[in-house]
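Peer 1: What follows is a single structure, and I will ask about it in a moment.
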Amino acid sequence: CQECGEQPWNYRCPGCSRLTCSLPCVQAHKRRTACSGKRPRTVPVALAQFDGNQLLSDYNLLEETSQVRESAHRLLDGFGCGFEGRHGAQLLPWLSFLGKAAERRGVRLAVQT
């Protein structure tokens, strides 16, 4: 064990690969190093180390990213805003109408969203 040095190691930390023998050593390691115990999901992995678990982790990351994106779209739609890719959310219809009416009257109206 790289934490206590008394027992053979049984566990490898996914976050930093530290070898520990027991739950108390894992907890001590996390407190001492502020390690989250989770593998950084965006760190490149060598092809020789890429296995089924890495593939599943990458797939789950992509699925979670897709869910967050879809959730953001639903949230914007709930506020009456469309999502237009790079151009961002459109103004609410009544704000757009107000802006055009102000423009026709020569008034510069700044709308912050």
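We name chains A, B, ... following the order of the structure tokens; residues begin at 1 in each chain, and ligands are numbered from 1 as shown.
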Could you pull out the strand (DSSP E) residues of chain A from DSSP and send them as JSON, numbers by chain?
Peer 2: {"A": [11, 12, 19, 20]}
Peer 1: Neighbours of range 54-56 of chain A within 12 Å (only C-alpha atoms; same-chain residues fewer than 4 positions away dropped), as a list in words?
Peer 2: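 With the cut-off at 12 Å, the set is Pro14, Arg39, Pro40, Arg41, Thr42, Val43, Pro44, Val45, Ala46, Leu47, Ala48, Gln49, Phe50, Asn60, Leu61, Leu62 and Glu63 of chain A.
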Peer 1: Mind giving me the straight-line distance from CA of Arg18 in chain A to CA of Thr65 in chain A in Å, one decimal?
Peer 2: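 We find that CA of Arg18 in chain A and CA of Thr65 in chain A lie 28.8 Å from each other.
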Peer 1: Near range 25-34 of chain A, counting only C-alpha atoms, which residues have an atom at most 12 Å away, once you skip same-chain residues fewer than 6 positions from it, shown as a list of chain:residue names?
Peer 2: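 Non-adjacent residues within range: A:Cys1, A:Gln2, A:Glu3, A:Cys4, A:Gly5, A:Glu6, A:Gln7, A:Pro8, A:Trp9, A:Asn10, A:Tyr11, A:Arg12, A:Cys13, A:Pro14, A:Gly15, A:Cys16, A:Ser17, A:Arg18, A:Leu19.
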Peer 1: For the residues selected in the previous step, produce a file with C-alpha atoms as a tab-separated table (two decimals), in the first residue's frame.
Peer 2:
chain	number	residue	atom	x	y	z
A	1	CYS	CA	0.00	0.00	0.00
A	2	GLN	CA	1.40	3.38	-1.00
A	3	GLU	CA	-0.57	5.11	1.76
A	4	CYS	CA	0.25	3.13	4.91
A	5	GLY	CA	3.07	0.88	3.66
A	6	GLU	CA	1.90	-1.97	5.92
A	7	GLN	CA	-0.32	-4.15	3.72
A	8	PRO	CA	-0.23	-5.28	0.08
A	9	TRP	CA	-2.36	-3.09	-2.13
A	10	ASN	CA	-5.85	-4.18	-3.22
A	11	TYR	CA	-7.19	-1.04	-4.87
A	12	ARG	CA	-5.95	1.38	-7.53
A	13	CYS	CA	-7.33	4.92	-7.51
A	14	PRO	CA	-8.94	5.63	-10.91
A	15	GLY	CA	-8.04	9.31	-10.57
A	16	CYS	CA	-4.31	9.09	-9.88
A	17	SER	CA	-3.42	5.36	-9.88
A	18	ARG	CA	-2.36	5.43	-6.22
A	19	LEU	CA	-2.28	1.91	-4.75
Peer 1: How many Å separate CA of Ala110 in chain A from CA of Leu95 in chain A?
Peer 2: 10.5 Å
